[in-house]
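Colleague: Handing over data06.cif, mmCIF, C-alpha atoms and all ligand atoms.
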data_query
#
loop_
_atom_site.group_PDB
_atom_site.id
_atom_site.type_symbol
_atom_site.label_atom_id
_atom_site.label_comp_id
_atom_site.auth_asym_id
_atom_site.auth_seq_id
_atom_site.Cartn_x
_atom_site.Cartn_y
_atom_site.Cartn_z
ATOM 1 C CA MET A 804 3.183 78.035 106.193
ATOM 2 C CA ALA A 805 3.724 78.179 102.471
ATOM 3 C CA HIS A 806 3.465 74.841 100.697
ATOM 4 C CA ASN A 807 7.076 74.671 99.521
ATOM 5 C CA GLU A 808 8.681 76.665 102.322
ATOM 6 C CA PHE A 809 10.961 73.952 103.673
ATOM 7 C CA LEU A 810 11.798 72.559 100.252
ATOM 8 C CA VAL A 811 12.938 76.025 99.145
ATOM 9 C CA ALA A 812 14.874 76.629 102.385
ATOM 10 C CA TRP A 813 16.643 73.278 102.122
ATOM 11 C CA LEU A 814 17.499 73.819 98.468
ATOM 12 C CA LYS A 815 19.022 77.178 99.454
ATOM 13 C CA ASP A 816 20.984 75.418 102.202
ATOM 14 C CA ALA A 817 22.183 72.796 99.718
ATOM 15 C CA TYR A 818 23.303 75.514 97.308
ATOM 16 C CA ALA A 819 25.253 77.304 100.073
ATOM 17 C CA MET A 820 26.790 74.007 101.129
ATOM 18 C CA GLU A 821 27.937 73.165 97.583
ATOM 19 C CA LYS A 822 29.437 76.645 97.191
ATOM 20 C CA GLY A 823 31.273 76.345 100.519
ATOM 21 C CA ILE A 824 32.626 72.941 99.548
ATOM 22 C CA ALA A 825 33.735 74.243 96.132
ATOM 23 C CA GLU A 826 35.736 77.011 97.840
ATOM 24 C CA SER A 827 37.419 74.489 100.079
ATOM 25 C CA LEU A 828 38.175 72.130 97.160
ATOM 26 C CA GLU A 829 39.767 74.939 95.163
ATOM 27 C CA ARG A 830 42.299 75.314 97.981
ATOM 28 C CA GLN A 831 42.792 71.570 98.150
ATOM 29 C CA VAL A 832 43.661 71.354 94.442
ATOM 30 C CA GLU A 833 46.606 73.628 95.272
ATOM 31 C CA LEU A 834 47.386 71.658 98.430
ATOM 32 C CA ALA A 835 47.737 68.469 96.354
ATOM 33 C CA LYS A 836 50.042 69.968 93.718
ATOM 34 C CA ASP A 837 52.775 67.409 94.469
ATOM 35 C CA HIS A 838 50.363 64.486 94.332
ATOM 36 C CA PRO A 839 48.910 64.223 90.806
ATOM 37 C CA THR A 840 46.629 61.238 91.462
ATOM 38 C CA VAL A 841 45.019 62.846 94.484
ATOM 39 C CA GLN A 842 44.936 66.213 92.740
ATOM 40 C CA SER A 843 42.969 64.833 89.777
ATOM 41 C CA GLY A 844 40.502 63.219 92.190
ATOM 42 C CA ILE A 845 40.018 66.534 94.000
ATOM 43 C CA GLN A 846 39.579 68.290 90.655
ATOM 44 C CA ARG A 847 36.861 65.770 89.696
ATOM 45 C CA HIS A 848 35.183 66.419 93.043
ATOM 46 C CA LEU A 849 35.372 70.185 92.436
ATOM 47 C CA ASP A 850 33.866 69.857 88.945
ATOM 48 C CA ALA A 851 31.016 67.709 90.297
ATOM 49 C CA THR A 852 30.426 70.171 93.148
ATOM 50 C CA ASN A 853 30.121 73.086 90.716
ATOM 51 C CA ARG A 854 27.680 71.021 88.641
ATOM 52 C CA HIS A 855 25.632 70.262 91.745
ATOM 53 C CA ALA A 856 25.431 73.957 92.658
ATOM 54 C CA GLU A 857 24.118 74.728 89.150
ATOM 55 C CA THR A 858 21.587 71.884 89.307
ATOM 56 C CA VAL A 859 20.301 73.056 92.706
ATOM 57 C CA LYS A 860 20.075 76.614 91.387
ATOM 58 C CA GLY A 861 17.971 75.276 88.483
ATOM 59 C CA CYS A 862 15.672 73.504 90.977
ATOM 60 C CA LEU A 863 15.193 76.786 92.864
ATOM 61 C CA GLU A 864 14.464 78.627 89.625
ATOM 62 C CA SER A 865 11.838 76.023 88.699
ATOM 63 C CA LEU A 866 10.076 77.109 91.914
ATOM 64 C CA ASP A 867 10.488 80.817 91.017
ATOM 65 C CA GLU A 868 13.160 81.187 93.668
ATOM 66 C CA SER A 869 16.865 81.912 93.573
ATOM 67 C CA PRO A 870 19.828 81.095 95.827
ATOM 68 C CA SER A 871 20.008 83.267 98.908
ATOM 69 C CA GLY A 872 22.737 85.873 98.976
ATOM 70 C CA VAL A 873 23.013 85.426 102.709
ATOM 71 C CA LYS A 874 25.742 83.022 103.750
ATOM 72 C CA SER A 875 24.002 80.162 105.472
ATOM 73 C CA ALA A 876 25.592 78.150 108.260
ATOM 74 C CA MET A 877 25.609 75.267 105.795
ATOM 75 C CA ALA A 878 28.275 77.021 103.733
ATOM 76 C CA SER A 879 30.712 76.395 106.557
ATOM 77 C CA VAL A 880 30.275 72.633 106.167
ATOM 78 C CA GLY A 881 32.639 72.884 103.250
ATOM 79 C CA GLY A 882 34.826 75.486 104.826
ATOM 80 C CA MET A 883 36.316 73.481 107.635
ATOM 81 C CA VAL A 884 39.762 73.338 106.058
ATOM 82 C CA GLN A 885 39.861 77.045 105.249
ATOM 83 C CA GLY A 886 42.660 77.843 107.655
ATOM 84 C CA MET A 887 44.882 75.136 106.253
ATOM 85 C CA MET A 888 48.038 76.314 104.532
ATOM 86 C CA PRO A 889 49.517 74.289 101.652
ATOM 87 C CA GLY A 890 52.434 72.268 102.914
ATOM 88 C CA ALA A 891 51.763 73.317 106.497
ATOM 89 C CA ALA A 892 51.823 69.744 107.747
ATOM 90 C CA LYS A 893 52.698 66.334 106.379
ATOM 91 C CA ASP A 894 49.228 65.038 107.078
ATOM 92 C CA ASP A 895 47.363 67.951 105.490
ATOM 93 C CA LEU A 896 45.974 65.899 102.569
ATOM 94 C CA LEU A 897 44.712 63.275 104.994
ATOM 95 C CA LYS A 898 43.091 65.927 107.186
ATOM 96 C CA ALA A 899 41.478 67.469 104.099
ATOM 97 C CA ALA A 900 40.159 64.038 103.041
ATOM 98 C CA MET A 901 38.686 63.531 106.531
ATOM 99 C CA GLN A 902 36.931 66.898 106.382
ATOM 100 C CA ASP A 903 35.651 66.161 102.876
ATOM 101 C CA TYR A 904 34.395 62.765 104.018
ATOM 102 C CA SER A 905 32.461 64.422 106.806
ATOM 103 C CA ALA A 906 31.064 67.072 104.416
ATOM 104 C CA GLU A 907 30.013 64.324 101.958
ATOM 105 C CA HIS A 908 27.898 62.706 104.647
ATOM 106 C CA MET A 909 26.228 65.999 105.479
ATOM 107 C CA GLU A 910 25.444 66.305 101.758
ATOM 108 C CA ILE A 911 24.124 62.741 101.577
ATOM 109 C CA ALA A 912 21.786 63.426 104.517
ATOM 110 C CA SER A 913 20.640 66.727 102.967
ATOM 111 C CA TYR A 914 19.892 65.245 99.549
ATOM 112 C CA ARG A 915 18.016 62.340 101.111
ATOM 113 C CA SER A 916 15.717 64.845 102.864
ATOM 114 C CA LEU A 917 15.389 66.863 99.673
ATOM 115 C CA ILE A 918 14.418 63.793 97.623
ATOM 116 C CA LEU A 919 11.764 62.821 100.147
ATOM 117 C CA SER A 920 10.339 66.317 100.540
ATOM 118 C CA ALA A 921 10.312 67.001 96.783
ATOM 119 C CA THR A 922 8.531 63.677 96.208
ATOM 120 C CA GLU A 923 5.977 64.322 98.962
ATOM 121 C CA LEU A 924 5.275 67.809 97.620
ATOM 122 C CA GLY A 925 4.772 66.556 94.053
ATOM 123 C CA HIS A 926 8.022 67.843 92.493
ATOM 124 C CA ALA A 927 9.214 64.645 90.842
ATOM 125 C CA ASP A 928 11.627 66.580 88.602
ATOM 126 C CA ILE A 929 13.447 68.056 91.602
ATOM 127 C CA ALA A 930 13.482 64.669 93.359
ATOM 128 C CA GLN A 931 15.069 63.103 90.264
ATOM 129 C CA LYS A 932 17.771 65.783 90.034
ATOM 130 C CA CYS A 933 18.573 65.409 93.738
ATOM 131 C CA GLN A 934 18.744 61.627 93.294
ATOM 132 C CA THR A 935 21.390 62.067 90.587
ATOM 133 C CA ILE A 936 23.385 64.374 92.889
ATOM 134 C CA LEU A 937 23.000 61.897 95.775
ATOM 135 C CA GLU A 938 24.567 59.140 93.666
ATOM 136 C CA ASP A 939 27.561 61.419 92.927
ATOM 137 C CA GLU A 940 27.935 62.167 96.644
ATOM 138 C CA GLN A 941 27.865 58.490 97.538
ATOM 139 C CA ALA A 942 30.499 57.699 94.900
ATOM 140 C CA MET A 943 32.678 60.547 96.207
ATOM 141 C CA ALA A 944 32.347 59.375 99.824
ATOM 142 C CA LEU A 945 33.473 55.918 98.697
ATOM 143 C CA TRP A 946 36.467 57.354 96.820
ATOM 144 C CA LEU A 947 37.475 59.300 99.928
ATOM 145 C CA GLU A 948 37.047 56.217 102.085
ATOM 146 C CA GLU A 949 39.260 54.228 99.733
ATOM 147 C CA SER A 950 41.888 57.013 99.553
ATOM 148 C CA MET A 951 42.331 57.544 103.278
ATOM 149 C CA PRO A 952 44.419 54.416 104.030
ATOM 150 C CA MET A 953 46.929 55.423 101.322
ATOM 151 C CA LEU A 954 47.052 59.010 102.616
ATOM 152 C CA THR A 955 47.516 57.710 106.155
ATOM 153 C CA ARG A 956 50.456 55.494 105.105
ATOM 154 C CA GLU A 957 52.042 58.351 103.152
ATOM 155 C CA ALA A 958 51.748 60.710 106.117
ATOM 156 C CA ILE A 959 53.462 58.147 108.364
ATOM 157 C CA LEU A 960 56.255 57.558 105.830
ATOM 158 C CA GLN A 961 56.854 61.286 105.334
ATOM 159 C CA GLY A 962 56.835 61.795 109.089
ATOM 160 C CA GLN A 963 59.751 59.362 109.361
ATOM 161 C CA THR A 964 62.032 61.270 106.978
HETATM 162 FE FE FE A 1001 27.871 67.955 96.048
#
Take the structure I supplied and represent it as structure tokens, if you would.
Modeller:
Amino acid sequence: MAHNEFLVAWLKDAYAMEKGIAESLERQVELAKDHPTVQSGIQRHLDATNRHAETVKGCLESLDESPSGVKSAMASVGGMVQGMMPGAAKDDLLKAAMQDYSAEHMEIASYRSLILSATELGHADIAQKCQTILEDEQAMALWLEESMPMLTREAILQGQT
């Protein structure tokens, strides 16, 4: 088994996951058009996600690899809200936040494994980049956690009108 085989495979998975999440977040920006505060939070999340994809791509290139063109199963982690239509339901922003929260935790787990494997295999630069991404993911999970009570209350209030 090649020395870096798993590290490369997991970086490719992480790239596919970030791309899948970015696609989903682009739809959510539209979904939140009537909710500027939430929309700007989703936009920040989208910008960070695009940055992460670029950083992971750079890590792959430092190993003379490139992102796989094949859609990995990990891409679907971010695609769970794909079927959702803007305005389809009064709780759609809450449902999107729940899906994002779940995706964030998949990312957190993935970057933890990447940091450990990069460190063990002597790629301190990749470990450091993944650590920076991990801190973004943790901050985003916290933001989602803090937003969900407000989105829950709003869904209930709208449901009563
Ligand atoms: Fe990310």
Colleague: List the residues selected by the PyMOL selection byres (((chain A and resi 807-815) around 9) and not hetatm) in the file shown, writing them as a ChimeraX atom specification.
Modeller: /A:804-806,816-820,859-860,862-863,866,868-871,875,913-914,916-917,920-921,924
Colleague: So what does the PyMOL selection byres (((not hetatm)) within 7 of (chain A and resi 1001)) actually pick up in this one, as a list of chain:residue names?
Modeller: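 Applying the expression gives A:Glu821, A:Ala851, A:Thr852, A:His855, A:Glu910, A:Ile936, A:Glu940.
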Colleague: Could you state which residues are captured by the PyMOL selection byres (((chain A and resi 849) around 12) and not hetatm) in this file, as a ChimeraX atom specification?
Modeller: /A:821-832,842-848,850-856,881,903,939-940,943
Colleague: What is the distance between CA of Gly962 in chain A and CA of Leu897 in chain A, in Å to one decimal?
Modeller: 12.9 Å
Colleague: For a quick check of understanding, using all atoms listed in the file, which of A:Gln902, A:Ile959, A:Met951, A:Thr858 has the smallest distance to Ala930 in chain A?
Modeller: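 Ranking A:Gln902, A:Ile959, A:Met951, A:Thr858 by distance to Ala930 in chain A, first place goes to A:Thr858.
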Colleague: Identify, on the basis of all atoms listed in the file, every residue whose closest approach to Gln941 in chain A does not exceed 12 Å; exclude the query and any residue fewer than 2 positions from it along the same chain; express the result as a ChimeraX atom specification.
Modeller: /A:848,904-912,914-915,934-939,943-948
Colleague: Quick one, how far is CA of Leu960 in chain A from CA of Leu896 in chain A?
Modeller: 13.6 Å
Colleague: Interatomic distance between CA of Asp837 in chain A and CA of Pro952 in chain A?
Modeller: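 Separation between CA of Asp837 in chain A and CA of Pro952 in chain A: 18.2 Å.
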Colleague: For the point (12.5, 67.1, 83.8) in the file's frame, write as a VMD selection string all residues with an atom no more than 12 Å away, counting all atoms listed in the file.
Modeller: chain A and resid 858 861 to 862 865 926 to 933
Colleague: Please list as number ranges by chain every residue within 12 Å of Leu954 in chain A, counting all atoms listed in the file and excluding residues in the same chain fewer than 4 positions away.
Modeller: A: 835, 838, 840-841, 893-901, 947-950, 958-961
